[in-house]
file start.cif (mmCIF, C-alpha atoms)
data_run
#
loop_
_atom_site.label_atom_id
_atom_site.label_comp_id
_atom_site.auth_asym_id
_atom_site.auth_seq_id
_atom_site.Cartn_x
_atom_site.Cartn_y
_atom_site.Cartn_z
CA MET I 1 -25.61 28.46 8.21
CA LYS I 2 -24.24 25.25 9.66
CA GLY I 3 -24.60 22.44 7.17
CA VAL I 4 -24.15 18.69 7.45
CA ALA I 5 -21.00 17.33 9.12
CA ILE I 6 -18.34 15.45 7.15
CA THR I 7 -16.60 13.05 9.54
CA GLY I 8 -14.67 10.73 7.24
CA MET I 9 -13.10 10.60 3.77
CA GLY I 10 -11.55 7.93 1.55
CA ILE I 11 -10.08 8.08 -1.94
CA ILE I 12 -8.11 6.20 -4.57
CA SER I 13 -7.07 7.92 -7.79
CA SER I 14 -4.21 8.12 -10.24
CA ILE I 15 -2.34 10.45 -7.86
CA GLY I 16 -2.66 8.38 -4.71
CA ASN I 17 -4.18 5.44 -2.87
CA SER I 18 -5.25 7.43 0.19
CA VAL I 19 -6.35 10.92 1.26
CA GLU I 20 -2.80 11.72 2.40
CA GLU I 21 -1.19 10.55 -0.85
CA ASN I 22 -3.66 12.56 -2.93
CA TYR I 23 -3.02 15.72 -0.91
CA HIS I 24 0.76 15.43 -1.19
CA SER I 25 0.48 14.94 -4.95
CA LEU I 26 -1.67 18.07 -5.24
CA ILE I 27 0.74 20.29 -3.35
CA GLU I 28 3.86 18.77 -4.91
CA ASN I 29 2.61 18.92 -8.54
CA LYS I 30 2.73 15.13 -8.96
CA ILE I 31 0.38 14.37 -11.84
CA GLY I 32 -1.24 11.02 -12.59
CA ILE I 33 -1.65 11.44 -16.34
CA SER I 34 0.14 8.77 -18.39
CA ARG I 35 -0.24 6.29 -21.23
CA ILE I 36 -2.70 3.42 -20.73
CA SER I 37 -1.22 0.24 -19.27
CA ASN I 38 -4.14 -1.73 -17.77
CA ILE I 39 -6.35 -1.82 -20.88
CA SER I 40 -5.56 -3.24 -24.32
CA THR I 41 -6.81 -0.57 -26.72
CA VAL I 42 -5.92 0.74 -30.18
CA HIS I 43 -5.78 4.20 -28.59
CA ALA I 44 -3.02 3.30 -26.13
CA ASP I 45 -0.34 5.35 -27.90
CA VAL I 46 -2.68 8.17 -28.93
CA ILE I 47 -4.22 9.45 -25.70
CA LYS I 48 -3.21 10.00 -22.09
CA VAL I 49 -5.33 9.00 -19.07
CA GLY I 50 -5.38 9.23 -15.29
CA GLU I 51 -4.98 5.53 -14.54
CA ILE I 52 -4.74 3.87 -11.12
CA LYS I 53 -1.56 1.84 -11.38
CA LYS I 54 -3.02 -1.25 -9.74
CA THR I 55 -4.14 -4.26 -11.74
CA ASN I 56 -7.41 -6.03 -10.96
CA ASP I 57 -5.36 -8.83 -9.38
CA ASP I 58 -3.69 -6.24 -7.11
CA LEU I 59 -7.10 -4.95 -6.04
CA ILE I 60 -8.47 -8.46 -5.43
CA ALA I 61 -5.51 -9.21 -3.17
CA GLU I 62 -5.88 -5.92 -1.30
CA LEU I 63 -9.56 -6.58 -0.62
CA ASN I 64 -8.99 -10.27 0.22
CA LEU I 65 -11.62 -11.35 -2.29
CA ASN I 66 -12.09 -14.97 -3.36
CA SER I 67 -10.55 -15.87 -6.71
CA ASP I 68 -14.03 -16.65 -8.12
CA ASN I 69 -15.48 -13.22 -7.15
CA ASN I 70 -17.55 -11.20 -9.60
CA PHE I 71 -16.40 -7.72 -8.60
CA SER I 72 -15.93 -5.24 -11.41
CA ARG I 73 -12.97 -2.86 -11.24
CA THR I 74 -15.40 -0.03 -10.41
CA ALA I 75 -16.77 -2.02 -7.45
CA MET I 76 -13.28 -2.80 -6.18
CA ILE I 77 -11.94 0.76 -6.19
CA GLY I 78 -15.28 1.94 -4.76
CA THR I 79 -15.04 -0.57 -1.90
CA LEU I 80 -11.48 0.50 -1.10
CA ALA I 81 -12.44 4.19 -0.91
CA ALA I 82 -15.60 3.53 1.11
CA LYS I 83 -13.71 1.37 3.62
CA GLN I 84 -11.14 4.14 4.06
CA ALA I 85 -13.91 6.69 4.69
CA VAL I 86 -15.65 4.52 7.29
CA GLU I 87 -12.35 3.87 9.07
CA ASN I 88 -11.43 7.57 8.93
CA ALA I 89 -14.77 8.41 10.56
CA GLY I 90 -14.00 6.01 13.42
CA ILE I 91 -17.06 3.88 12.72
CA THR I 92 -16.83 0.46 14.35
CA SER I 93 -20.53 -0.46 14.21
CA ILE I 94 -21.88 0.39 10.76
CA ASN I 95 -25.53 -0.28 11.64
CA GLU I 96 -25.52 1.41 15.04
CA PHE I 97 -27.49 4.35 13.63
CA ARG I 98 -29.81 4.71 10.63
CA THR I 99 -27.10 4.51 8.00
CA GLY I 100 -27.36 4.64 4.22
CA LEU I 101 -25.06 4.39 1.21
CA ILE I 102 -25.51 6.43 -1.96
CA SER I 103 -22.99 5.49 -4.62
CA ALA I 104 -22.59 7.19 -7.99
CA THR I 105 -21.31 5.60 -11.20
CA SER I 106 -21.68 6.00 -14.94
CA VAL I 107 -19.56 3.11 -16.21
CA GLY I 108 -20.61 0.48 -13.65
CA GLY I 109 -19.17 -2.94 -14.49
CA MET I 110 -18.53 -2.22 -18.15
CA ASP I 111 -14.95 -3.50 -17.85
CA MET I 112 -16.26 -6.95 -16.90
CA THR I 113 -18.84 -6.93 -19.70
CA GLU I 114 -16.13 -6.11 -22.25
CA LYS I 115 -14.03 -8.97 -20.99
CA HIS I 116 -16.72 -11.68 -21.10
CA TYR I 117 -19.43 -10.48 -23.51
CA TYR I 118 -18.64 -12.79 -26.42
CA ASP I 119 -18.20 -15.84 -24.20
CA TYR I 120 -21.43 -15.71 -22.19
CA PHE I 121 -23.34 -18.12 -24.45
CA GLU I 122 -20.51 -20.64 -24.80
CA LYS I 123 -19.38 -20.67 -21.17
CA PRO I 124 -22.18 -20.94 -18.57
CA GLU I 125 -19.68 -20.44 -15.74
CA LEU I 126 -19.28 -16.82 -16.86
CA VAL I 127 -22.97 -15.95 -16.42
CA LYS I 128 -22.23 -14.76 -12.85
CA TYR I 129 -20.43 -11.78 -14.36
CA ILE I 130 -23.53 -10.46 -16.14
CA THR I 131 -25.02 -8.99 -12.96
CA CYS I 132 -21.93 -6.91 -12.21
CA HIS I 133 -22.53 -4.87 -15.38
CA ASP I 134 -25.35 -2.99 -13.67
CA GLY I 135 -24.43 0.30 -11.96
CA GLY I 136 -26.49 -0.69 -8.92
CA ASP I 137 -24.31 -3.75 -8.40
CA VAL I 138 -21.41 -1.47 -7.46
CA ALA I 139 -23.39 0.01 -4.56
CA GLU I 140 -24.62 -3.42 -3.46
CA LYS I 141 -21.07 -4.81 -3.46
CA ILE I 142 -19.77 -1.86 -1.40
CA ALA I 143 -22.64 -2.19 1.09
CA GLU I 144 -22.02 -5.94 1.40
CA GLU I 145 -18.30 -5.41 2.10
CA LEU I 146 -19.13 -2.74 4.71
CA GLY I 147 -21.79 -4.94 6.30
CA LEU I 148 -24.34 -2.18 5.77
CA LYS I 149 -27.97 -3.21 6.15
CA GLY I 150 -29.66 0.17 5.66
CA MET I 151 -30.71 2.14 2.61
CA VAL I 152 -28.59 1.56 -0.50
CA SER I 153 -29.06 3.62 -3.64
CA THR I 154 -27.28 4.47 -6.88
CA ILE I 155 -27.16 7.76 -8.77
CA SER I 156 -26.14 8.07 -12.41
CA THR I 157 -26.37 11.59 -13.81
CA ALA I 158 -23.20 11.45 -15.90
CA CYS I 159 -20.34 13.57 -14.59
CA SER I 160 -22.40 15.24 -11.86
CA SER I 161 -23.37 11.88 -10.32
CA ALA I 162 -21.25 12.06 -7.15
CA ALA I 163 -22.31 15.66 -6.51
CA ASN I 164 -25.93 14.53 -6.53
CA SER I 165 -25.01 11.62 -4.26
CA ILE I 166 -23.51 14.05 -1.72
CA MET I 167 -26.48 16.37 -2.12
CA LEU I 168 -29.04 13.62 -1.54
CA GLY I 169 -27.13 12.35 1.49
CA ALA I 170 -27.08 15.83 3.02
CA ARG I 171 -30.81 16.26 2.42
CA LEU I 172 -31.62 12.86 3.97
CA ILE I 173 -29.81 13.93 7.14
CA LYS I 174 -31.27 17.44 7.21
CA THR I 175 -34.81 16.05 6.87
CA GLY I 176 -34.25 13.44 9.58
CA LYS I 177 -34.64 10.43 7.27
CA LEU I 178 -31.18 9.05 8.12
CA ASP I 179 -28.54 9.73 10.78
CA ARG I 180 -25.50 8.86 8.71
CA VAL I 181 -24.91 8.49 4.96
CA ILE I 182 -21.84 7.28 3.11
CA VAL I 183 -21.80 9.23 -0.15
CA GLY I 184 -19.53 9.36 -3.18
CA GLY I 185 -18.82 7.60 -6.41
CA ALA I 186 -16.58 5.33 -8.45
CA ASP I 187 -15.75 4.86 -12.12
CA ALA I 188 -13.07 2.68 -13.68
CA LEU I 189 -11.62 3.16 -17.14
CA SER I 190 -13.02 0.95 -19.87
CA LYS I 191 -12.83 0.63 -23.65
CA PHE I 192 -16.46 1.74 -23.80
CA THR I 193 -15.63 5.08 -22.19
CA ILE I 194 -12.45 5.62 -24.16
CA ASN I 195 -14.14 4.83 -27.49
CA GLY I 196 -17.21 6.89 -26.61
CA PHE I 197 -15.28 10.04 -25.74
CA LYS I 198 -12.98 9.49 -28.73
CA THR I 199 -16.06 9.44 -30.95
CA LEU I 200 -17.20 12.75 -29.44
CA MET I 201 -13.77 14.15 -30.42
CA ILE I 202 -13.19 15.71 -27.00
CA LEU I 203 -10.12 13.72 -25.90
CA SER I 204 -6.73 15.39 -25.87
CA ASP I 205 -3.63 13.65 -27.20
CA ASP I 206 -1.61 15.69 -24.70
CA TYR I 207 -1.96 16.92 -21.10
CA ASN I 208 -5.26 18.74 -20.54
CA LYS I 209 -5.20 22.55 -20.15
CA PRO I 210 -8.33 23.81 -18.37
CA PHE I 211 -9.37 27.39 -19.11
CA ASP I 212 -6.52 27.84 -21.58
CA ASN I 213 -7.35 29.48 -24.90
CA ASN I 214 -5.56 26.63 -26.72
CA ARG I 215 -7.15 23.74 -24.80
CA LYS I 216 -7.66 20.63 -26.91
CA GLY I 217 -9.84 18.39 -24.77
CA LEU I 218 -9.87 16.18 -21.70
CA ASN I 219 -7.88 13.26 -20.34
CA LEU I 220 -10.12 10.50 -19.01
CA GLY I 221 -9.37 9.17 -15.54
CA GLU I 222 -10.51 6.55 -13.04
CA ALA I 223 -11.06 7.05 -9.32
CA ALA I 224 -13.31 6.45 -6.34
CA ALA I 225 -14.00 8.61 -3.30
CA PHE I 226 -16.50 8.55 -0.45
CA LEU I 227 -17.41 10.89 2.38
CA VAL I 228 -19.18 10.04 5.62
CA LEU I 229 -21.94 12.53 6.42
CA GLU I 230 -23.35 12.48 9.96
CA SER I 231 -26.02 14.33 11.90
CA ASP I 232 -25.13 16.80 14.63
CA GLU I 233 -26.73 14.40 17.13
CA ILE I 234 -24.15 11.69 16.32
CA VAL I 235 -21.33 14.22 16.29
CA GLU I 236 -22.28 15.45 19.77
CA LYS I 237 -23.08 12.02 21.18
CA GLN I 238 -19.76 10.50 20.06
CA ASN I 239 -17.70 13.69 20.30
CA LYS I 240 -16.73 13.35 16.66
CA LYS I 241 -14.14 15.43 14.86
CA VAL I 242 -15.82 17.34 12.01
CA LEU I 243 -13.57 17.70 8.95
CA ALA I 244 -15.82 20.28 7.25
CA ARG I 245 -19.48 20.74 6.41
CA VAL I 246 -21.68 20.50 3.34
CA SER I 247 -23.24 23.94 3.65
CA GLY I 248 -24.79 24.43 0.21
CA TYR I 249 -25.92 22.47 -2.80
CA GLY I 250 -27.93 22.95 -5.94
CA ASN I 251 -28.64 21.16 -9.18
CA ALA I 252 -30.32 22.16 -12.41
CA ASN I 253 -30.85 20.79 -15.88
CA ASP I 254 -30.97 23.18 -18.81
CA ALA I 255 -31.59 20.23 -21.22
CA PHE I 256 -29.56 22.13 -23.78
CA HIS I 257 -27.98 19.18 -25.60
CA GLN I 258 -27.21 15.48 -25.10
CA THR I 259 -23.47 16.03 -24.65
CA ALA I 260 -22.86 19.81 -24.74
CA SER I 261 -23.40 22.53 -22.17
CA SER I 262 -25.24 25.76 -22.91
CA GLU I 263 -22.79 28.34 -24.26
CA ASN I 264 -24.22 30.84 -21.77
CA GLY I 265 -23.86 28.37 -18.90
CA ASP I 266 -27.58 28.42 -18.03
CA GLY I 267 -27.60 25.14 -16.08
CA ALA I 268 -24.31 25.89 -14.33
CA TYR I 269 -25.53 29.36 -13.35
CA LEU I 270 -28.78 27.98 -11.89
CA ALA I 271 -26.95 25.23 -9.94
CA MET I 272 -24.57 27.76 -8.37
CA LYS I 273 -27.42 30.18 -7.64
CA LYS I 274 -29.36 27.44 -5.81
CA ALA I 275 -26.29 26.38 -3.82
CA PHE I 276 -25.86 29.95 -2.58
CA GLU I 277 -29.54 30.10 -1.60
CA VAL I 278 -29.25 26.88 0.43
CA SER I 279 -26.04 27.97 2.16
CA GLY I 280 -27.12 31.53 2.84
CA LEU I 281 -23.70 32.66 1.64
CA LYS I 282 -22.96 35.43 -0.82
CA PRO I 283 -20.71 34.74 -3.84
CA SER I 284 -18.15 37.16 -2.34
CA GLU I 285 -17.75 34.86 0.69
CA ILE I 286 -16.31 32.01 -1.39
CA ASP I 287 -12.53 31.75 -0.99
CA TYR I 288 -11.83 29.15 -3.67
CA ILE I 289 -13.73 27.62 -6.59
CA ASN I 290 -12.80 24.08 -7.61
CA VAL I 291 -14.12 24.38 -11.15
CA HIS I 292 -15.37 21.47 -13.23
CA GLY I 293 -12.73 22.56 -15.75
CA THR I 294 -12.57 19.59 -18.11
CA ALA I 295 -10.46 21.48 -20.70
CA THR I 296 -12.95 20.87 -23.50
CA PRO I 297 -13.75 23.93 -25.62
CA ASN I 298 -17.43 23.78 -24.69
CA ASN I 299 -17.22 23.15 -20.93
CA ASP I 300 -14.72 25.84 -20.03
CA LEU I 301 -16.54 28.45 -22.10
CA SER I 302 -19.90 27.51 -20.54
CA GLU I 303 -18.59 27.33 -16.97
CA GLY I 304 -16.59 30.54 -17.29
CA ARG I 305 -19.62 32.46 -18.53
CA ALA I 306 -21.75 31.03 -15.70
CA ILE I 307 -19.16 32.13 -13.11
CA ARG I 308 -19.05 35.59 -14.70
CA ARG I 309 -22.88 35.77 -14.48
CA ILE I 310 -22.81 34.81 -10.79
CA TYR I 311 -20.16 37.38 -9.92
CA GLU I 312 -21.31 40.12 -12.31
CA ASP I 313 -18.96 43.05 -11.62
CA GLU I 314 -17.48 41.50 -8.46
CA LYS I 315 -14.01 40.01 -8.28
CA VAL I 316 -14.03 36.28 -9.01
CA PRO I 317 -12.31 34.24 -6.24
CA ASP I 318 -9.22 32.14 -6.84
CA PHE I 319 -10.19 29.17 -8.96
CA SER I 320 -8.53 26.11 -10.45
CA SER I 321 -9.29 22.74 -11.97
CA THR I 322 -7.59 19.68 -10.46
CA LYS I 323 -8.25 17.57 -13.57
CA PRO I 324 -4.69 18.10 -14.93
CA PHE I 325 -3.65 15.96 -11.94
CA THR I 326 -6.24 13.15 -12.15
CA GLY I 327 -7.95 13.38 -15.50
CA HIS I 328 -11.73 13.57 -15.70
CA THR I 329 -13.04 10.71 -13.56
CA LEU I 330 -16.66 11.00 -14.74
CA ALA I 331 -19.17 9.96 -12.04
CA ALA I 332 -16.43 9.99 -9.39
CA ALA I 333 -15.24 13.53 -10.24
CA ALA I 334 -17.39 15.43 -7.72
CA ALA I 335 -16.47 12.96 -4.96
CA ILE I 336 -12.71 13.23 -5.42
CA GLU I 337 -13.04 17.00 -5.76
CA ALA I 338 -15.13 17.07 -2.58
CA VAL I 339 -12.19 15.45 -0.80
CA TYR I 340 -9.86 18.02 -2.39
CA SER I 341 -12.20 20.84 -1.32
CA VAL I 342 -12.20 19.66 2.30
CA LEU I 343 -8.40 19.36 2.20
CA ALA I 344 -8.19 22.91 0.84
CA ILE I 345 -10.21 24.11 3.85
CA GLN I 346 -8.18 22.07 6.34
CA ASN I 347 -4.81 23.17 4.96
CA ASN I 348 -5.69 26.68 3.72
CA VAL I 349 -4.46 26.10 0.18
CA VAL I 350 -5.56 26.79 -3.38
CA TYR I 351 -4.31 24.13 -5.80
CA PRO I 352 -2.60 25.11 -9.04
CA ASN I 353 -4.40 24.89 -12.39
CA LEU I 354 -1.56 23.11 -14.21
CA ASN I 355 -0.62 23.58 -17.88
CA PHE I 356 -2.28 27.01 -18.19
CA GLU I 357 -0.57 29.43 -20.57
CA THR I 358 -3.00 31.73 -22.39
CA GLN I 359 -6.17 33.40 -21.09
CA MET I 360 -9.34 32.56 -23.01
CA GLU I 361 -10.35 35.31 -25.40
CA GLU I 362 -14.04 35.21 -24.40
CA PHE I 363 -13.56 36.59 -20.87
CA ASP I 364 -10.99 37.92 -18.41
CA LEU I 365 -10.69 34.86 -16.15
CA THR I 366 -7.29 33.49 -15.20
CA PRO I 367 -7.01 30.41 -12.94
CA GLN I 368 -4.56 30.16 -10.07
CA THR I 369 -1.47 28.59 -11.63
CA SER I 370 0.71 27.96 -8.57
CA LEU I 371 0.05 26.63 -5.07
CA LYS I 372 -1.31 29.46 -2.94
CA ASN I 373 -1.65 29.67 0.83
CA LYS I 374 -4.59 31.68 2.13
CA ASN I 375 -7.33 31.40 4.71
CA ILE I 376 -10.07 29.17 3.28
CA GLU I 377 -13.48 29.22 4.95
CA HIS I 378 -15.73 28.27 2.03
CA VAL I 379 -15.09 26.30 -1.18
CA LEU I 380 -17.49 26.04 -4.11
CA SER I 381 -17.12 22.91 -6.26
CA ASN I 382 -18.78 22.49 -9.66
CA SER I 383 -19.65 19.29 -11.52
CA PHE I 384 -21.45 19.31 -14.84
CA GLY I 385 -22.57 16.27 -16.83
CA PHE I 386 -23.96 15.26 -20.18
CA GLY I 387 -27.64 15.84 -20.76
CA GLY I 388 -27.50 19.22 -19.00
CA ASN I 389 -26.96 17.72 -15.52
CA CYS I 390 -25.35 20.55 -13.54
CA SER I 391 -24.56 20.40 -9.80
CA THR I 392 -22.78 22.65 -7.34
CA LEU I 393 -21.64 21.95 -3.78
CA ILE I 394 -20.40 24.37 -1.14
CA PHE I 395 -18.10 23.13 1.63
CA SER I 396 -17.43 25.19 4.75
CA LYS I 397 -15.07 25.14 7.68
CA SER I 398 -16.70 23.52 10.70
#
call {"tool": "encode", "arguments": {"input": "start.cif", "output": "structure tokens"}}
result
Amino acid sequence: MKGVAITGMGIISSIGNSVEENYHSLIENKIGISRISNISTVHADVIKVGEIKKTNDDLIAELNLNSDNNFSRTAMIGTLAAKQAVENAGITSINEFRTGLISATSVGGMDMTEKHYYDYFEKPELVKYITCHDGGDVAEKIAEELGLKGMVSTISTACSSAANSIMLGARLIKTGKLDRVIVGGADALSKFTINGFKTLMILSDDYNKPFDNNRKGLNLGEAAAFLVLESDEIVEKQNKKVLARVSGYGNANDAFHQTASSENGDGAYLAMKKAFEVSGLKPSEIDYINVHGTATPNNDLSEGRAIRRIYEDEKVPDFSSTKPFTGHTLAAAAAIEAVYSVLAIQNNVVYPNLNFETQMEEFDLTPQTSLKNKNIEHVLSNSFGFGGNCSTLIFSKS
């Protein structure tokens, strides 16, 4: 069991604009959940979100984009995170090896569409913004800013999107198709997302409480994160520092419901089972589980039952959800939590599951509620999306 090397990471979220800032927020209990300030919405005083406190103008200035650019907010935060990851990996020649980019998104350029939709027919100069609506445009913009000329692809499997991006990147390296893959995802907040989740009645009007018996729903968030995956040949040739490894992965689709997970956690159970098979690890060897933990009644029940099925009569490892810090960042969730998983391994910490008070009545699972120091060799990270899209990643110490 060796896995694929992770040599670089980049992230921007509501709790920080870099890997270091995110880590310090996690260990110092600095949450990013607040009222909405960047979007004009009737729900502004009703719900809380994990919002990046940078305006689009701030992002344009940071990226040195022309004033007439057609970058969506998703593309801008994605570009920032990807550039950080490439720099962190010490890459100075992006096309030196067979390099690809797999970017995940669910919202794409919806924020730009909302802004200009009613004016497209009256103002021809706005037509250039139509193309940035497409999810694939985000990946193309990131690749263009990186100068990447290799394979570029987009994955959109709801909230498991970035997990599948990481999984595909690892498989492309393991099968010798590519030498290096930049993997991750980005999603910005938009009215479309807020209204959609409000309609589903799964948004909380307070801070989210994963795995609590009295949980009321999720807080939406926005974020972007990317990892650089590289082959052992590159690592050896360039004497690269390996941050951690992607040692296991699995995905499954139980097709239970358009927006709900199976109450028995069938898809989640299968995804975890496959990840263990790929890694060659036993469930007992996992030191920490970064659960999907959205704090919706359905998700936490489904995920908890799946974890119980995996561990049967064994002791369940320390687990926590980091979504009380960032909110649920949709397609970016698995990418930011991949960064958090690697940081847990590097720093030997289990993050607290904030806001927890009462154990769920359906099972005897209690998340870790305070920062815990322990030796971390292997972290399992879950990401489950609408339509039954369930994915699990296992990260291991190099």
call {"tool": "resolve_selection", "arguments": {"input": "start.cif", "expression": "the PyMOL selection byres ((chain I and resi 373) around 8)", "output": "PyMOL selection string"}}
result
chain I and resi 348-350+371-372+374-375
call {"tool": "residues_around", "arguments": {"input": "start.cif", "residues": "Phe226 of chain I", "least_positions_apart": "3", "cutoff": "7 Å", "atoms": "all atoms listed in the file", "output": "list in words"}}
result
Met9, Gly10, Ile11, Ala81, Ala82, Ala85, Ile182, Val183, Gly184, Gly185 and Ala335 of chain I
call {"tool": "atom_distance", "arguments": {"input": "start.cif", "atom1": "atom CA of Leu101 of chain I", "atom2": "atom CA of Lys53 of chain I"}}
result
26.8 Å
call {"tool": "closest_atom_pairs", "arguments": {"input": "start.cif", "of": "segment 33-78 of chain I", "to": "segment 319-333 of chain I", "cutoff": "12 Å", "atoms": "only C-alpha atoms", "output": "tab-separated table"}}
result
residue	atom	partner	partner_atom	distance
I:Ile33	CA	I:Thr326	CA	6.4
I:Ser34	CA	I:Gly327	CA	9.7
I:Arg35	CA	I:Gly327	CA	11.9
I:Ile47	CA	I:Gly327	CA	11.5
I:Lys48	CA	I:Gly327	CA	8.8
I:Val49	CA	I:Gly327	CA	6.2
I:Gly50	CA	I:Gly327	CA	4.9
I:Glu51	CA	I:Thr326	CA	8.1
I:Ile52	CA	I:Thr326	CA	9.5
I:Thr74	CA	I:Ala332	CA	10.1
I:Ile77	CA	I:Ala332	CA	10.8
I:Gly78	CA	I:Ala332	CA	9.4
call {"tool": "write_last_selection", "arguments": {"input": "start.cif", "atoms": "C-alpha atoms", "output": "PDB file, in the coordinates of the input"}}
result
ATOM      1  CA  ILE I  33      -1.650  11.440 -16.340  1.00  0.00           C
ATOM      2  CA  SER I  34       0.140   8.770 -18.390  1.00  0.00           C
ATOM      3  CA  ARG I  35      -0.240   6.290 -21.230  1.00  0.00           C
ATOM      4  CA  ILE I  47      -4.220   9.450 -25.700  1.00  0.00           C
ATOM      5  CA  LYS I  48      -3.210  10.000 -22.090  1.00  0.00           C
ATOM      6  CA  VAL I  49      -5.330   9.000 -19.070  1.00  0.00           C
ATOM      7  CA  GLY I  50      -5.380   9.230 -15.290  1.00  0.00           C
ATOM      8  CA  GLU I  51      -4.980   5.530 -14.540  1.00  0.00           C
ATOM      9  CA  ILE I  52      -4.740   3.870 -11.120  1.00  0.00           C
ATOM     10  CA  THR I  74     -15.400  -0.030 -10.410  1.00  0.00           C
ATOM     11  CA  ILE I  77     -11.940   0.760  -6.190  1.00  0.00           C
ATOM     12  CA  GLY I  78     -15.280   1.940  -4.760  1.00  0.00           C
TER      13      GLY I  78
END
call {"tool": "closest_residue", "arguments": {"input": "start.cif", "among": "I:Gly8, I:Gly280, I:Ala163, I:Leu365", "to": "Lys240 of chain I", "atoms": "only C-alpha atoms"}}
result
I:Gly8
call {"tool": "build_atoms", "arguments": {"input": "start.cif", "residues": "segment 262-274 of chain I", "atoms": "N, CA, C and O atoms", "output": "compact mmCIF listing (two decimals), in the frame of the given file"}}
result
# COMPACT_ATOMS: atom_id res chain seq x y z
N SER I 262 -24.79 24.48 -22.34
CA SER I 262 -25.24 25.76 -22.91
C SER I 262 -24.06 26.72 -22.99
O SER I 262 -23.27 26.84 -22.04
N GLU I 263 -23.92 27.41 -24.10
CA GLU I 263 -22.79 28.34 -24.26
C GLU I 263 -22.86 29.50 -23.27
O GLU I 263 -21.86 30.13 -22.97
N ASN I 264 -24.05 29.78 -22.77
CA ASN I 264 -24.22 30.84 -21.77
C ASN I 264 -24.13 30.30 -20.35
O ASN I 264 -24.24 31.06 -19.39
N GLY I 265 -23.99 28.98 -20.22
CA GLY I 265 -23.86 28.37 -18.90
C GLY I 265 -25.14 28.43 -18.08
O GLY I 265 -25.09 28.59 -16.85
N ASP I 266 -26.30 28.27 -18.74
CA ASP I 266 -27.58 28.42 -18.03
C ASP I 266 -27.72 27.43 -16.87
O ASP I 266 -28.06 27.82 -15.75
N GLY I 267 -27.46 26.14 -17.13
CA GLY I 267 -27.60 25.14 -16.08
C GLY I 267 -26.60 25.35 -14.96
O GLY I 267 -26.92 25.24 -13.77
N ALA I 268 -25.36 25.66 -15.33
CA ALA I 268 -24.31 25.89 -14.33
C ALA I 268 -24.65 27.10 -13.46
O ALA I 268 -24.47 27.07 -12.24
N TYR I 269 -25.14 28.14 -14.09
CA TYR I 269 -25.53 29.36 -13.35
C TYR I 269 -26.64 29.05 -12.34
O TYR I 269 -26.56 29.45 -11.17
N LEU I 270 -27.65 28.31 -12.77
CA LEU I 270 -28.78 27.98 -11.89
C LEU I 270 -28.33 27.09 -10.73
O LEU I 270 -28.79 27.27 -9.60
N ALA I 271 -27.44 26.13 -11.00
CA ALA I 271 -26.95 25.23 -9.94
C ALA I 271 -26.19 26.03 -8.88
O ALA I 271 -26.39 25.84 -7.67
N MET I 272 -25.32 26.94 -9.32
CA MET I 272 -24.57 27.76 -8.37
C MET I 272 -25.50 28.68 -7.59
O MET I 272 -25.36 28.84 -6.37
N LYS I 273 -26.46 29.26 -8.28
CA LYS I 273 -27.42 30.18 -7.64
C LYS I 273 -28.19 29.45 -6.52
O LYS I 273 -28.35 29.97 -5.42
N LYS I 274 -28.63 28.23 -6.82
CA LYS I 274 -29.36 27.44 -5.81
C LYS I 274 -28.48 27.08 -4.63
O LYS I 274 -28.92 27.10 -3.47
